Amino acid sequence: MARLRAPDGCPWDLEQDHQSIAECLVDECSELLETIDTLDMDHMREELGDVLLQVVFHSQLAKESEHFDFEAVANEVNEKLVRRHPHVFGGKALETSDQVLHQWDAIKALEKQDRPASVFKDLPPALPALMFAVDIFKQIEKKDLPTGESIDRESIETMAVSLDEETAGALLFEIAAACRGKGIDPESALRRYARRVRDETEALASQPAN
């Protein structure tokens, strides 16, 4: 990548910046997810390489502007893994996944304690709407947060009893197709509704106890 970005390198690569290649990362992640869904291991290897290339590209751009380099990226994630796994790299033994996740969240909270408080963990603003909605509801369940009229939890629990992967896929596909027929962007619609659920829950959770 450094060679491609050299003065006598590739004209296209030389024109790029962080913003111009951001869409490439989204595309490559989407292609990787498809190979994961189908367990296509040969193509998964290829797509993992393409995602890694995006990390290398952004790291090279950052190195050129003297912010950080690829080695710094690798070192930081290595330090984070060690820091958030004291049960492996330290003396505190844990026996279950639930204990690990609880400890992970506690350590992460300490790392981010200087940020404004929120009942929800930090969520990437560009998170796909479906993942965003799932993460919002996961936090609601995990912390047993109060919810407003935007969520019918009894209906959700009833639906979950008989739901399987194929049925869920069919329902989501039908909703997406119906949205197209009505000229609705399902991604935007779900994101806005998930934000409404989040904001209502935040408001209820921040009210003083009687």
# chains A, B, ... in the order shown; residues from 1 in each chain; ligands from 1
>>> residues_around(residues="His102 in chain A", least_positions_apart="5", cutoff="12 Å", atoms="only C-alpha atoms", output="list in words")
Arg84, His85, Leu94, Thr96, Ser97, Ile107, Lys108, Ala109, Lys142 and Lys143 of chain A
>>> residues_around(residues="Ile156 in chain A", least_positions_apart="6", cutoff="12 Å", atoms="only C-alpha atoms", output="list of chain:residue names")
A:Phe137, A:Glu141, A:Ser150, A:Ser162, A:Leu163
>>> write_last_selection(atoms="C-alpha atoms", output="mmCIF file, in the first residue's frame")
data_model
loop_
_atom_site.group_PDB
_atom_site.id
_atom_site.type_symbol
_atom_site.label_atom_id
_atom_site.label_comp_id
_atom_site.auth_asym_id
_atom_site.auth_seq_id
_atom_site.Cartn_x
_atom_site.Cartn_y
_atom_site.Cartn_z
ATOM 1 C CA PHE A 137 -33.581 -4.227 22.465
ATOM 2 C CA GLU A 141 -33.590 -6.710 28.154
ATOM 3 C CA SER A 150 -43.399 2.183 21.113
ATOM 4 C CA SER A 162 -42.796 -19.936 17.395
ATOM 5 C CA LEU A 163 -40.254 -17.985 15.337
#
>>> select_by_dssp(residues="chain A", states="alpha helix (DSSP H)", output="PyMOL selection string")
chain A and resi 11-15+22-38+41-64+70-83+86-89+97-111+129-143+153-162+165-182+186-205
>>> atom_distance(atom1="CA of Gln60 in chain A", atom2="CA of Arg5 in chain A")
8.3 Å
>>> residues_around(residues="Ala203 in chain A", least_positions_apart="4", cutoff="10 Å", atoms="only C-alpha atoms", output="list in words")
Val119, Pro146, Thr147, Gly148, Val197, Arg198, Asp199 and Gln207 of chain A
>>> atom_distance(atom1="CA of Ala129 in chain A", atom2="CA of Thr167 in chain A")
19.7 Å
>>> residues_around(residues="Val73 in chain A", least_positions_apart="5", cutoff="10 Å", atoms="only C-alpha atoms", output="list in words")
Val55, Val56, Ser59, Phe68 and Asn78 of chain A
>>> residues_around(residues="Asp13 in chain A", least_positions_apart="6", cutoff="12 Å", atoms="only C-alpha atoms", output="mmCIF file with N, CA and C atoms, in the first residue's frame")
data_model
loop_
_atom_site.group_PDB
_atom_site.id
_atom_site.type_symbol
_atom_site.label_atom_id
_atom_site.label_comp_id
_atom_site.auth_asym_id
_atom_site.auth_seq_id
_atom_site.Cartn_x
_atom_site.Cartn_y
_atom_site.Cartn_z
ATOM 1 N N MET A 1 0.830 -1.210 0.000
ATOM 2 C CA MET A 1 0.000 0.000 0.000
ATOM 3 C C MET A 1 0.865 1.259 0.000
ATOM 4 N N ALA A 2 1.964 1.204 0.726
ATOM 5 C CA ALA A 2 2.891 2.342 0.708
ATOM 6 C C ALA A 2 3.438 2.564 -0.696
ATOM 7 N N ARG A 3 3.707 1.467 -1.403
ATOM 8 C CA ARG A 3 4.209 1.580 -2.780
ATOM 9 C C ARG A 3 3.133 2.161 -3.690
ATOM 10 N N LEU A 4 1.884 1.732 -3.499
ATOM 11 C CA LEU A 4 0.784 2.253 -4.319
ATOM 12 C C LEU A 4 0.574 3.748 -4.080
ATOM 13 N N ARG A 5 0.867 4.190 -2.856
ATOM 14 C CA ARG A 5 0.662 5.595 -2.492
ATOM 15 C C ARG A 5 1.911 6.447 -2.728
ATOM 16 N N ALA A 6 2.981 5.837 -3.198
ATOM 17 C CA ALA A 6 4.211 6.581 -3.486
ATOM 18 C C ALA A 6 3.978 7.527 -4.668
ATOM 19 N N PRO A 7 4.791 8.571 -4.805
ATOM 20 C CA PRO A 7 4.609 9.545 -5.903
ATOM 21 C C PRO A 7 4.500 8.908 -7.284
ATOM 22 N N SER A 20 -13.196 9.149 0.878
ATOM 23 C CA SER A 20 -13.467 8.609 -0.458
ATOM 24 C C SER A 20 -13.490 7.090 -0.485
ATOM 25 N N ILE A 21 -12.787 6.439 0.447
ATOM 26 C CA ILE A 21 -12.775 4.977 0.440
ATOM 27 C C ILE A 21 -13.679 4.382 1.528
ATOM 28 N N GLN A 54 -8.689 -2.713 3.582
ATOM 29 C CA GLN A 54 -9.244 -1.407 3.951
ATOM 30 C C GLN A 54 -8.585 -0.870 5.223
ATOM 31 N N PHE A 57 -5.194 0.319 4.195
ATOM 32 C CA PHE A 57 -5.293 1.560 3.421
ATOM 33 C C PHE A 57 -5.491 2.755 4.361
ATOM 34 N N HIS A 58 -6.453 2.647 5.278
ATOM 35 C CA HIS A 58 -6.700 3.749 6.219
ATOM 36 C C HIS A 58 -5.474 3.994 7.105
ATOM 37 N N GLN A 60 -2.351 3.481 6.289
ATOM 38 C CA GLN A 60 -1.338 4.156 5.480
ATOM 39 C C GLN A 60 -1.650 5.639 5.338
ATOM 40 N N LEU A 61 -2.921 5.963 5.119
ATOM 41 C CA LEU A 61 -3.321 7.368 5.034
ATOM 42 C C LEU A 61 -3.011 8.100 6.341
#
>>> residues_around(residues="Ala194 in chain A", least_positions_apart="6", cutoff="10 Å", atoms="only C-alpha atoms", output="PyMOL selection string")
chain A and resi 129-130+132-137+150-151+188+200
>>> closest_residue(among="A:Leu110, A:Leu33, A:Leu25, A:Ala189", to="Leu52 in chain A", atoms="only C-alpha atoms")
A:Leu25
>>> atom_distance(atom1="CA of Glu174 in chain A", atom2="CA of Met159 in chain A")
16.3 Å
>>> closest_residue(among="A:Asp164, A:Leu14, A:Ile175, A:Trp104", to="Val82 in chain A", atoms="only C-alpha atoms")
A:Trp104
